[in-house]
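Containing PDB, C-alpha atoms, pLDDT in the B column: my_file-v4.pdb.
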ATOM      1  CA  MET A 291      78.455  77.579  93.462  1.00 65.00           C
ATOM      2  CA  PRO A 292      81.319  79.853  92.367  1.00 73.00           C
ATOM      3  CA  TRP A 293      80.520  83.169  90.772  1.00 87.00           C
ATOM      4  CA  LEU A 294      81.417  84.136  87.240  1.00 95.00           C
ATOM      5  CA  GLU A 295      83.222  87.424  86.866  1.00 96.00           C
ATOM      6  CA  VAL A 296      82.214  88.896  83.519  1.00 98.00           C
ATOM      7  CA  GLU A 297      84.323  91.955  82.740  1.00 98.00           C
ATOM      8  CA  THR A 298      86.163  94.199  80.365  1.00 98.00           C
ATOM      9  CA  LYS A 299      89.092  96.564  80.786  1.00 98.00           C
ATOM     10  CA  VAL A 300      90.051  99.773  78.990  1.00 97.00           C
ATOM     11  CA  LYS A 301      93.259 101.813  79.208  1.00 96.00           C
ATOM     12  CA  ILE A 302      92.230 105.370  80.139  1.00 96.00           C
ATOM     13  CA  LYS A 303      93.804 108.116  78.066  1.00 94.00           C
ATOM     14  CA  ASP A 304      92.157 111.141  79.735  1.00 96.00           C
ATOM     15  CA  VAL A 305      91.320 110.475  83.404  1.00 97.00           C
ATOM     16  CA  ARG A 306      89.307 113.664  84.029  1.00 98.00           C
ATOM     17  CA  ASP A 307      87.192 113.156  80.929  1.00 98.00           C
ATOM     18  CA  MET A 308      86.510 109.500  81.766  1.00 98.00           C
ATOM     19  CA  ARG A 309      85.604 110.371  85.357  1.00 98.00           C
ATOM     20  CA  LYS A 310      83.027 112.885  84.043  1.00 98.00           C
ATOM     21  CA  ARG A 311      81.558 110.260  81.716  1.00 98.00           C
ATOM     22  CA  VAL A 312      81.413 107.654  84.493  1.00 98.00           C
ATOM     23  CA  ARG A 313      79.685 110.053  86.893  1.00 98.00           C
ATOM     24  CA  ARG A 314      76.968 110.725  84.304  1.00 98.00           C
ATOM     25  CA  ILE A 315      75.880 107.079  84.292  1.00 98.00           C
ATOM     26  CA  ALA A 316      77.013 105.767  87.686  1.00 98.00           C
ATOM     27  CA  ARG A 317      76.909 106.608  91.387  1.00 98.00           C
ATOM     28  CA  PHE A 318      80.206 106.945  93.288  1.00 98.00           C
ATOM     29  CA  VAL A 319      80.597 104.316  96.038  1.00 98.00           C
ATOM     30  CA  LYS A 320      84.111 104.539  97.507  1.00 97.00           C
ATOM     31  CA  LYS A 321      87.835 104.996  97.052  1.00 96.00           C
ATOM     32  CA  GLU A 322      90.289 102.436  98.344  1.00 94.00           C
ATOM     33  CA  LYS A 323      93.830 101.169  98.045  1.00 93.00           C
ATOM     34  CA  LYS A 324      94.214  97.475  97.175  1.00 93.00           C
ATOM     35  CA  THR A 325      97.548  95.756  97.726  1.00 93.00           C
ATOM     36  CA  ASP A 326      97.704  92.282  96.243  1.00 95.00           C
ATOM     37  CA  ASN A 327     100.479  89.754  96.697  1.00 95.00           C
ATOM     38  CA  TYR A 328     100.444  86.948  94.133  1.00 94.00           C
ATOM     39  CA  PHE A 329     101.834  83.465  94.711  1.00 94.00           C
ATOM     40  CA  ALA A 330     102.635  80.797  92.137  1.00 93.00           C
ATOM     41  CA  LEU A 331     104.503  77.553  91.517  1.00 88.00           C
ATOM     42  CA  LYS A 332     107.445  77.221  89.124  1.00 73.00           C
ATOM     43  CA  ILE A 333     108.276  80.863  88.548  1.00 72.00           C
ATOM     44  CA  ASN A 334     110.609  80.619  85.557  1.00 77.00           C
ATOM     45  CA  GLY A 335     108.514  82.615  83.140  1.00 81.00           C
ATOM     46  CA  TYR A 336     104.940  83.738  83.397  1.00 86.00           C
ATOM     47  CA  PRO A 337     103.091  81.174  85.573  1.00 90.00           C
ATOM     48  CA  LYS A 338      99.983  79.470  84.222  1.00 84.00           C
ATOM     49  CA  LYS A 339      98.226  79.689  87.586  1.00 86.00           C
ATOM     50  CA  ALA A 340      98.517  81.981  90.573  1.00 91.00           C
ATOM     51  CA  PHE A 341      96.419  83.213  93.464  1.00 94.00           C
ATOM     52  CA  ARG A 342      96.372  86.465  95.340  1.00 96.00           C
ATOM     53  CA  VAL A 343      96.242  87.567  98.944  1.00 96.00           C
ATOM     54  CA  ARG A 344      94.634  90.952  99.620  1.00 95.00           C
ATOM     55  CA  TYR A 345      94.245  92.627 103.000  1.00 87.00           C
ATOM     56  CA  ASN A 346      90.857  94.363 103.234  1.00 79.00           C
ATOM     57  CA  GLY A 347      91.497  96.161 106.535  1.00 79.00           C
ATOM     58  CA  LYS A 348      90.018  93.348 108.621  1.00 82.00           C
ATOM     59  CA  ASP A 349      90.786  89.986 107.043  1.00 86.00           C
ATOM     60  CA  TYR A 350      93.023  88.594 104.354  1.00 94.00           C
ATOM     61  CA  VAL A 351      91.096  87.652 101.219  1.00 95.00           C
ATOM     62  CA  ILE A 352      92.448  84.730  99.227  1.00 96.00           C
ATOM     63  CA  ASN A 353      91.358  84.815  95.584  1.00 95.00           C
ATOM     64  CA  PHE A 354      91.851  82.442  92.683  1.00 92.00           C
ATOM     65  CA  LYS A 355      90.403  82.944  89.213  1.00 92.00           C
ATOM     66  CA  LYS A 356      89.984  80.302  86.554  1.00 92.00           C
ATOM     67  CA  TRP A 357      89.812  81.639  83.006  1.00 91.00           C
ATOM     68  CA  ILE A 358      86.837  80.258  81.063  1.00 93.00           C
ATOM     69  CA  LYS A 359      87.940  81.050  77.528  1.00 92.00           C
ATOM     70  CA  LYS A 360      85.017  79.289  75.819  1.00 94.00           C
ATOM     71  CA  TYR A 361      82.799  82.183  76.992  1.00 94.00           C
ATOM     72  CA  TRP A 362      85.167  84.946  75.908  1.00 93.00           C
ATOM     73  CA  SER A 363      84.419  87.402  73.151  1.00 93.00           C
ATOM     74  CA  LYS A 364      86.598  90.120  71.616  1.00 90.00           C
ATOM     75  CA  ASP A 365      85.523  92.649  74.222  1.00 95.00           C
ATOM     76  CA  ILE A 366      84.606  90.640  77.335  1.00 97.00           C
ATOM     77  CA  VAL A 367      86.352  87.978  79.394  1.00 97.00           C
ATOM     78  CA  VAL A 368      84.778  85.508  81.814  1.00 97.00           C
ATOM     79  CA  LYS A 369      86.465  83.991  84.852  1.00 96.00           C
ATOM     80  CA  GLN A 370      85.230  81.699  87.572  1.00 95.00           C
ATOM     81  CA  GLU A 371      86.080  83.293  90.890  1.00 90.00           C
ATOM     82  CA  PHE A 372      86.912  81.492  94.130  1.00 92.00           C
ATOM     83  CA  GLU A 373      87.406  83.512  97.286  1.00 91.00           C
ATOM     84  CA  PHE A 374      87.669  83.024 101.045  1.00 93.00           C
ATOM     85  CA  ASN A 375      88.785  85.064 104.059  1.00 94.00           C
ATOM     86  CA  LEU A 376      91.424  84.293 106.682  1.00 94.00           C
ATOM     87  CA  ASN A 377      92.352  86.180 109.830  1.00 91.00           C
ATOM     88  CA  GLU A 378      96.005  87.033 110.519  1.00 88.00           C
ATOM     89  CA  LYS A 379      96.680  83.851 112.534  1.00 88.00           C
ATOM     90  CA  HIS A 380      95.178  81.594 109.874  1.00 93.00           C
ATOM     91  CA  LEU A 381      96.974  83.448 107.084  1.00 93.00           C
ATOM     92  CA  ALA A 382     100.346  82.692 108.686  1.00 92.00           C
ATOM     93  CA  ASN A 383      99.473  78.982 108.834  1.00 94.00           C
ATOM     94  CA  PHE A 384      98.174  79.047 105.258  1.00 94.00           C
ATOM     95  CA  LEU A 385     101.338  80.725 103.919  1.00 92.00           C
ATOM     96  CA  THR A 386     103.523  78.232 105.829  1.00 94.00           C
ATOM     97  CA  LEU A 387     101.643  75.392 104.132  1.00 93.00           C
ATOM     98  CA  LEU A 388     102.050  77.014 100.720  1.00 91.00           C
ATOM     99  CA  LYS A 389     105.793  77.546 101.194  1.00 90.00           C
ATOM    100  CA  ASP A 390     106.077  73.893 102.156  1.00 94.00           C
ATOM    101  CA  LEU A 391     104.274  73.033  98.898  1.00 92.00           C
ATOM    102  CA  ASP A 392     106.845  75.207  97.067  1.00 91.00           C
ATOM    103  CA  PHE A 393     104.650  78.223  96.290  1.00 92.00           C
ATOM    104  CA  LYS A 394     106.619  81.446  96.011  1.00 91.00           C
ATOM    105  CA  GLU A 395     105.607  85.073  96.286  1.00 90.00           C
ATOM    106  CA  TRP A 396     105.668  86.153  92.681  1.00 90.00           C
ATOM    107  CA  ILE A 397     104.461  89.716  92.102  1.00 92.00           C
ATOM    108  CA  ARG A 398     102.866  92.599  93.988  1.00 94.00           C
ATOM    109  CA  LYS A 399     100.165  94.799  92.521  1.00 95.00           C
ATOM    110  CA  ILE A 400      99.064  98.068  94.090  1.00 94.00           C
ATOM    111  CA  LYS A 401      96.002  99.799  92.749  1.00 95.00           C
ATOM    112  CA  TYR A 402      94.024 102.819  93.854  1.00 96.00           C
ATOM    113  CA  THR A 403      90.379 102.289  93.034  1.00 97.00           C
ATOM    114  CA  GLU A 404      87.376 104.548  92.581  1.00 98.00           C
ATOM    115  CA  SER A 405      84.266 102.326  92.609  1.00 98.00           C
ATOM    116  CA  TYR A 406      80.915 103.217  91.053  1.00 98.00           C
ATOM    117  CA  LYS A 407      77.574 101.455  90.623  1.00 98.00           C
ATOM    118  CA  TYR A 408      75.772 101.763  87.301  1.00 98.00           C
ATOM    119  CA  LYS A 409      72.550 103.730  87.816  1.00 98.00           C
ATOM    120  CA  LYS A 410      70.487 101.455  85.551  1.00 97.00           C
ATOM    121  CA  ASN A 411      71.673  98.209  87.180  1.00 97.00           C
ATOM    122  CA  LYS A 412      73.361  98.057  90.589  1.00 96.00           C
ATOM    123  CA  ARG A 413      74.978  94.706  89.785  1.00 96.00           C
ATOM    124  CA  VAL A 414      77.291  96.446  87.325  1.00 98.00           C
ATOM    125  CA  THR A 415      80.413  97.762  88.992  1.00 98.00           C
ATOM    126  CA  ILE A 416      82.529 100.373  87.249  1.00 98.00           C
ATOM    127  CA  GLU A 417      86.027 100.974  88.560  1.00 98.00           C
ATOM    128  CA  MET A 418      88.631 103.535  87.668  1.00 98.00           C
ATOM    129  CA  ASN A 419      91.948 102.032  88.751  1.00 98.00           C
ATOM    130  CA  LYS A 420      95.351 103.644  88.978  1.00 98.00           C
ATOM    131  CA  VAL A 421      97.725 100.684  88.935  1.00 97.00           C
ATOM    132  CA  LYS A 422     101.223 101.451  90.192  1.00 96.00           C
ATOM    133  CA  HIS A 423     103.743 101.218  87.311  1.00 95.00           C
ATOM    134  CA  LEU A 424     100.970 100.831  84.685  1.00 96.00           C
ATOM    135  CA  GLY A 425      98.678 103.868  84.795  1.00 96.00           C
ATOM    136  CA  TRP A 426      94.899 104.296  84.704  1.00 98.00           C
ATOM    137  CA  PHE A 427      92.338 101.698  83.627  1.00 98.00           C
ATOM    138  CA  LEU A 428      88.571 101.407  83.516  1.00 98.00           C
ATOM    139  CA  GLU A 429      86.993  98.090  84.480  1.00 98.00           C
ATOM    140  CA  VAL A 430      83.338  97.190  84.021  1.00 98.00           C
ATOM    141  CA  GLU A 431      82.306  94.054  85.882  1.00 98.00           C
ATOM    142  CA  TYR A 432      79.190  91.995  86.475  1.00 98.00           C
ATOM    143  CA  LEU A 433      79.236  89.073  88.938  1.00 95.00           C
ATOM    144  CA  CYS A 434      76.705  86.421  88.020  1.00 95.00           C
ATOM    145  CA  GLN A 435      75.763  82.796  87.745  1.00 94.00           C
ATOM    146  CA  LYS A 436      76.186  81.010  84.410  1.00 93.00           C
ATOM    147  CA  LYS A 437      72.519  81.439  83.442  1.00 95.00           C
ATOM    148  CA  GLU A 438      72.888  85.253  83.706  1.00 96.00           C
ATOM    149  CA  MET A 439      76.008  85.544  81.547  1.00 95.00           C
ATOM    150  CA  LYS A 440      74.216  86.782  78.416  1.00 96.00           C
ATOM    151  CA  LYS A 441      72.531  89.554  80.410  1.00 97.00           C
ATOM    152  CA  ALA A 442      75.869  90.436  82.050  1.00 97.00           C
ATOM    153  CA  LYS A 443      77.540  90.867  78.661  1.00 97.00           C
ATOM    154  CA  GLU A 444      74.635  92.985  77.381  1.00 97.00           C
ATOM    155  CA  LYS A 445      74.855  95.298  80.419  1.00 98.00           C
ATOM    156  CA  ILE A 446      78.627  95.669  80.077  1.00 98.00           C
ATOM    157  CA  ARG A 447      78.266  96.599  76.414  1.00 97.00           C
ATOM    158  CA  GLU A 448      75.513  99.066  77.348  1.00 98.00           C
ATOM    159  CA  VAL A 449      77.892 100.730  79.823  1.00 98.00           C
ATOM    160  CA  LEU A 450      80.723 100.854  77.284  1.00 98.00           C
ATOM    161  CA  LYS A 451      78.400 102.505  74.789  1.00 97.00           C
ATOM    162  CA  GLY A 452      77.246 105.010  77.431  1.00 97.00           C
ATOM    163  CA  LEU A 453      80.881 105.831  78.188  1.00 98.00           C
ATOM    164  CA  GLU A 454      81.677 106.163  74.465  1.00 96.00           C
ATOM    165  CA  VAL A 455      84.413 103.534  74.661  1.00 96.00           C
ATOM    166  CA  LYS A 456      85.681 102.356  71.297  1.00 92.00           C
ATOM    167  CA  GLN A 457      86.248  98.654  70.635  1.00 90.00           C
ATOM    168  CA  GLU A 458      89.925  99.262  69.847  1.00 91.00           C
ATOM    169  CA  ASP A 459      90.494 100.796  73.307  1.00 92.00           C
ATOM    170  CA  ILE A 460      89.577  97.549  75.074  1.00 96.00           C
ATOM    171  CA  ASP A 461      92.540  95.565  76.393  1.00 94.00           C
ATOM    172  CA  ASN A 462      91.740  92.620  78.635  1.00 96.00           C
ATOM    173  CA  THR A 463      95.359  91.728  79.342  1.00 95.00           C
ATOM    174  CA  GLY A 464      95.638  90.993  83.062  1.00 93.00           C
ATOM    175  CA  TYR A 465      97.439  93.448  85.321  1.00 95.00           C
ATOM    176  CA  THR A 466      99.868  90.758  86.496  1.00 94.00           C
ATOM    177  CA  LYS A 467     100.767  89.978  82.880  1.00 93.00           C
ATOM    178  CA  MET A 468     101.359  93.688  82.200  1.00 95.00           C
ATOM    179  CA  LEU A 469     103.477  94.066  85.351  1.00 94.00           C
ATOM    180  CA  TRP A 470     105.456  90.930  84.539  1.00 91.00           C
ATOM    181  CA  GLU A 471     106.092  92.114  80.949  1.00 90.00           C
ATOM    182  CA  LYS A 472     107.140  95.539  82.194  1.00 87.00           C
ATOM    183  CA  GLY A 473     109.491  93.997  84.760  1.00 82.00           C
ATOM    184  CA  ARG A 474     110.931  91.661  82.144  1.00 65.00           C
ATOM    185  CA  SER A 475     111.607  94.522  79.743  1.00 61.00           C
ATOM    186  CA  LEU A 476     113.225  96.572  82.530  1.00 56.00           C
ATOM    187  CA  ARG A 477     115.476  93.631  83.503  1.00 56.00           C
ATOM    188  CA  LYS A 478     116.718  93.423  79.913  1.00 54.00           C
ATOM    189  CA  LYS A 479     117.957  97.037  79.965  1.00 49.00           C
TER     190      LYS A 479
END
File written out as structure tokens:
Amino acid sequence: MPWLEVETKVKIKDVRDMRKRVRRIARFVKKEKKTDNYFALKINGYPKKAFRVRYNGKDYVINFKKWIKKYWSKDIVVKQEFEFNLNEKHLANFLTLLKDLDFKEWIRKIKYTESYKYKKNKRVTIEMNKVKHLGWFLEVEYLCQKKEMKKAKEKIREVLKGLEVKQEDIDNTGYTKMLWEKGRSLRKK
């Protein structure tokens, strides 16, 4: 059964201050660089569906997310997440198949991530992400099954309150949408 990714995102105004707040309520786990290449069909505008390929240092991770808007609220979004790994040989075959099906590489996202685990619930992941061309963002995420969604939302709101995040600072626009908009505005100039 696919997992539900229950999450929220906040644009960080003061990185040092936010890092202090995060470290009060969460334990540092790791820093990493994530390079994601997105592929889509019919790229004449913002595509309705896309998937990403991320190299994790060992394998290539293929990821597709399906937005489940009926579970969304003002502050939290829910997506069904599908993911599988391929080694380098299998990735080449997979990408050949996709090109034959007319998928095109669409956008690249590079983010530098600091990951934390919430001290009161290890299933809550807090990330501070520096996204190339966009700046710093805070993400609070809880992976769960459908029956746990209410609890996931409660925990995320608890974390936001602990971090003193205001409702108006939440912006759940996807990074690819932000990058696409930024690229579109730059092309117009």
I need the output of the PyMOL selection byres ((chain A and resi 302) around 8) for this file as an NGL selection string; which residues are they?
:A and (300-301 or 303-305 or 308 or 426-428)
May I have the residues from that selection written out with C-alpha atoms, as a compact mmCIF listing (two decimals), in the coordinates of the input?
# COMPACT_ATOMS: atom_id res chain seq x y z
CA VAL A 300 90.05 99.77 78.99
CA LYS A 301 93.26 101.81 79.21
CA LYS A 303 93.80 108.12 78.07
CA ASP A 304 92.16 111.14 79.74
CA VAL A 305 91.32 110.48 83.40
CA MET A 308 86.51 109.50 81.77
CA TRP A 426 94.90 104.30 84.70
CA PHE A 427 92.34 101.70 83.63
CA LEU A 428 88.57 101.41 83.52
Evaluate the PyMOL selection byres ((chain A and resi 467) around 12) against this structure - the residues, as a PyMOL selection string, please.
chain A and resi 328+335-340+396-399+424+461-466+468-474
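Restricting the calculation to only C-alpha atoms, the smallest distance between Ile400 in chain A and any of A:Lys323, A:Lys369, A:Lys379, A:Lys348 is found for A:Lys323.
Counting only C-alpha atoms and comparing A:Leu387, A:Ile416, A:Leu381, A:Val343, the residue that lies closest to Leu453 in chain A is A:Ile416.
Closest approach to Glu404 in chain A from the set A:Trp362, A:Phe318, A:Phe341, A:Phe372 is made by A:Phe318, with distances taken over only C-alpha atoms.
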Report as a ChimeraX atom specification the full result of the PyMOL selection byres ((chain A and resi 431) around 7) when it is applied to this structure.
/A:295-298,414-416,429-430,432-433
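Take CA of Arg317 in chain A and CA of Lys451 in chain A: the distance between them is 17.2 Å.
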Please list as an MDAnalysis selection string every residue within 6 Å of Gln370 in chain A, counting all atoms listed in the file and excluding residues in the same chain fewer than 2 positions away.
chainID A and resid 293:294 355:356
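Non-sequential neighbours of Ile315 in chain A (distance at most 10 Å, separation of 6 or more positions within a chain, only C-alpha atoms) are A:Tyr406, A:Lys407, A:Tyr408, A:Lys409, A:Lys410, A:Ile416, A:Val449, A:Gly452, A:Leu453.
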Return the single residue from A:Lys310, A:Ala316, A:Met418, A:Lys299 that is closest to Asp459 in chain A, with distances computed using all atoms listed in the file.
A:Lys299
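Counting all atoms listed in the file, the residue from A:Lys321, A:Arg314, A:Arg306, A:Arg342 that sits nearest to Lys394 in chain A is A:Arg342.
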CA of Asn377 in chain A to CA of Glu417 in chain A: how many Å, to one decimal?
26.7 Å
Counting only C-alpha atoms, closest pick from A:Phe374, A:Val312, A:Lys422, A:Ile366 relative to Lys445 in chain A is A:Ile366
Provide the CA of His423 in chain A to CA of Ile333 in chain A distance in Å, to one decimal place.
20.9 Å
Axis-aligned box for range 420-426 of chain A, 6 Å per side, centre and edges in Å as AutoDock Vina command-line options:
--center_x 99.3 --center_y 102.5 --center_z 87.4 --size_x 20.8 --size_y 15.6 --size_z 17.5
Subset file: range 309-382 of chain A, C-alpha atoms, as a PDB file, in the first residue's frame:
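Output contents, as saved in decode.pdb:
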ATOM      1  CA  ARG A 309      17.679  26.687  12.937  1.00  0.00           C
ATOM      2  CA  LYS A 310      17.783  27.614  16.655  1.00  0.00           C
ATOM      3  CA  ARG A 311      14.039  27.027  16.973  1.00  0.00           C
ATOM      4  CA  VAL A 312      14.250  23.684  15.156  1.00  0.00           C
ATOM      5  CA  ARG A 313      17.122  22.476  17.348  1.00  0.00           C
ATOM      6  CA  ARG A 314      15.069  23.201  20.478  1.00  0.00           C
ATOM      7  CA  ILE A 315      12.385  20.701  19.469  1.00  0.00           C
ATOM      8  CA  ALA A 316      14.200  18.285  17.147  1.00  0.00           C
ATOM      9  CA  ARG A 317      17.357  16.189  16.913  1.00  0.00           C
ATOM     10  CA  PHE A 318      19.729  16.762  13.973  1.00  0.00           C
ATOM     11  CA  VAL A 319      20.036  13.697  11.707  1.00  0.00           C
ATOM     12  CA  LYS A 320      22.078  14.611   8.617  1.00  0.00           C
ATOM     13  CA  LYS A 321      22.962  17.054   5.872  1.00  0.00           C
ATOM     14  CA  GLU A 322      22.780  16.056   2.236  1.00  0.00           C
ATOM     15  CA  LYS A 323      22.590  17.376  -1.292  1.00  0.00           C
ATOM     16  CA  LYS A 324      19.622  16.175  -3.366  1.00  0.00           C
ATOM     17  CA  THR A 325      19.686  16.574  -7.136  1.00  0.00           C
ATOM     18  CA  ASP A 326      16.372  15.789  -8.780  1.00  0.00           C
ATOM     19  CA  ASN A 327      15.696  15.536 -12.491  1.00  0.00           C
ATOM     20  CA  TYR A 328      12.012  15.741 -13.406  1.00  0.00           C
ATOM     21  CA  PHE A 329      10.456  14.188 -16.498  1.00  0.00           C
ATOM     22  CA  ALA A 330       7.058  14.898 -18.029  1.00  0.00           C
ATOM     23  CA  LEU A 331       4.926  14.524 -21.145  1.00  0.00           C
ATOM     24  CA  LYS A 332       3.722  17.453 -23.258  1.00  0.00           C
ATOM     25  CA  ILE A 333       5.924  20.217 -21.918  1.00  0.00           C
ATOM     26  CA  ASN A 334       4.207  23.287 -23.359  1.00  0.00           C
ATOM     27  CA  GLY A 335       3.304  24.923 -20.085  1.00  0.00           C
ATOM     28  CA  TYR A 336       3.362  23.537 -16.595  1.00  0.00           C
ATOM     29  CA  PRO A 337       2.761  19.756 -16.858  1.00  0.00           C
ATOM     30  CA  LYS A 338      -0.080  18.174 -14.903  1.00  0.00           C
ATOM     31  CA  LYS A 339       2.026  15.132 -14.028  1.00  0.00           C
ATOM     32  CA  ALA A 340       5.732  14.496 -13.682  1.00  0.00           C
ATOM     33  CA  PHE A 341       8.089  12.144 -11.898  1.00  0.00           C
ATOM     34  CA  ARG A 342      11.560  12.600 -10.541  1.00  0.00           C
ATOM     35  CA  VAL A 343      14.815  10.696 -10.598  1.00  0.00           C
ATOM     36  CA  ARG A 344      17.144  11.241  -7.634  1.00  0.00           C
ATOM     37  CA  TYR A 345      20.556   9.663  -7.130  1.00  0.00           C
ATOM     38  CA  ASN A 346      21.048   8.717  -3.468  1.00  0.00           C
ATOM     39  CA  GLY A 347      24.734   7.781  -3.734  1.00  0.00           C
ATOM     40  CA  LYS A 348      23.995   4.115  -4.414  1.00  0.00           C
ATOM     41  CA  ASP A 349      20.837   3.765  -6.486  1.00  0.00           C
ATOM     42  CA  TYR A 350      18.552   5.967  -8.512  1.00  0.00           C
ATOM     43  CA  VAL A 351      15.236   6.596  -6.768  1.00  0.00           C
ATOM     44  CA  ILE A 352      12.218   7.056  -9.006  1.00  0.00           C
ATOM     45  CA  ASN A 353       9.425   9.004  -7.311  1.00  0.00           C
ATOM     46  CA  PHE A 354       5.917   9.937  -8.365  1.00  0.00           C
ATOM     47  CA  LYS A 355       3.435  11.810  -6.191  1.00  0.00           C
ATOM     48  CA  LYS A 356      -0.301  11.972  -6.682  1.00  0.00           C
ATOM     49  CA  TRP A 357      -1.976  14.993  -5.110  1.00  0.00           C
ATOM     50  CA  ILE A 358      -4.990  14.050  -2.975  1.00  0.00           C
ATOM     51  CA  LYS A 359      -6.707  17.418  -2.744  1.00  0.00           C
ATOM     52  CA  LYS A 360      -9.794  16.141  -0.899  1.00  0.00           C
ATOM     53  CA  TYR A 361      -7.585  15.777   2.209  1.00  0.00           C
ATOM     54  CA  TRP A 362      -5.952  19.192   1.922  1.00  0.00           C
ATOM     55  CA  SER A 363      -6.465  21.989   4.394  1.00  0.00           C
ATOM     56  CA  LYS A 364      -5.227  25.588   4.333  1.00  0.00           C
ATOM     57  CA  ASP A 365      -1.966  24.643   6.010  1.00  0.00           C
ATOM     58  CA  ILE A 366      -1.308  21.001   5.075  1.00  0.00           C
ATOM     59  CA  VAL A 367      -1.186  19.071   1.814  1.00  0.00           C
ATOM     60  CA  VAL A 368      -1.484  15.316   1.323  1.00  0.00           C
ATOM     61  CA  LYS A 369       0.078  13.311  -1.491  1.00  0.00           C
ATOM     62  CA  GLN A 370       0.191   9.621  -2.230  1.00  0.00           C
ATOM     63  CA  GLU A 371       3.806   8.671  -2.780  1.00  0.00           C
ATOM     64  CA  PHE A 372       5.115   5.944  -5.078  1.00  0.00           C
ATOM     65  CA  GLU A 373       8.811   5.151  -5.078  1.00  0.00           C
ATOM     66  CA  PHE A 374      11.219   2.489  -6.323  1.00  0.00           C
ATOM     67  CA  ASN A 375      14.979   2.119  -6.797  1.00  0.00           C
ATOM     68  CA  LEU A 376      16.970   1.278  -9.921  1.00  0.00           C
ATOM     69  CA  ASN A 377      20.677   0.639 -10.348  1.00  0.00           C
ATOM     70  CA  GLU A 378      22.617   2.488 -13.062  1.00  0.00           C
ATOM     71  CA  LYS A 379      22.106  -0.235 -15.702  1.00  0.00           C
ATOM     72  CA  HIS A 380      18.361  -0.416 -15.095  1.00  0.00           C
ATOM     73  CA  LEU A 381      18.044   3.372 -15.035  1.00  0.00           C
ATOM     74  CA  ALA A 382      19.498   3.599 -18.548  1.00  0.00           C
TER      75      ALA A 382
END
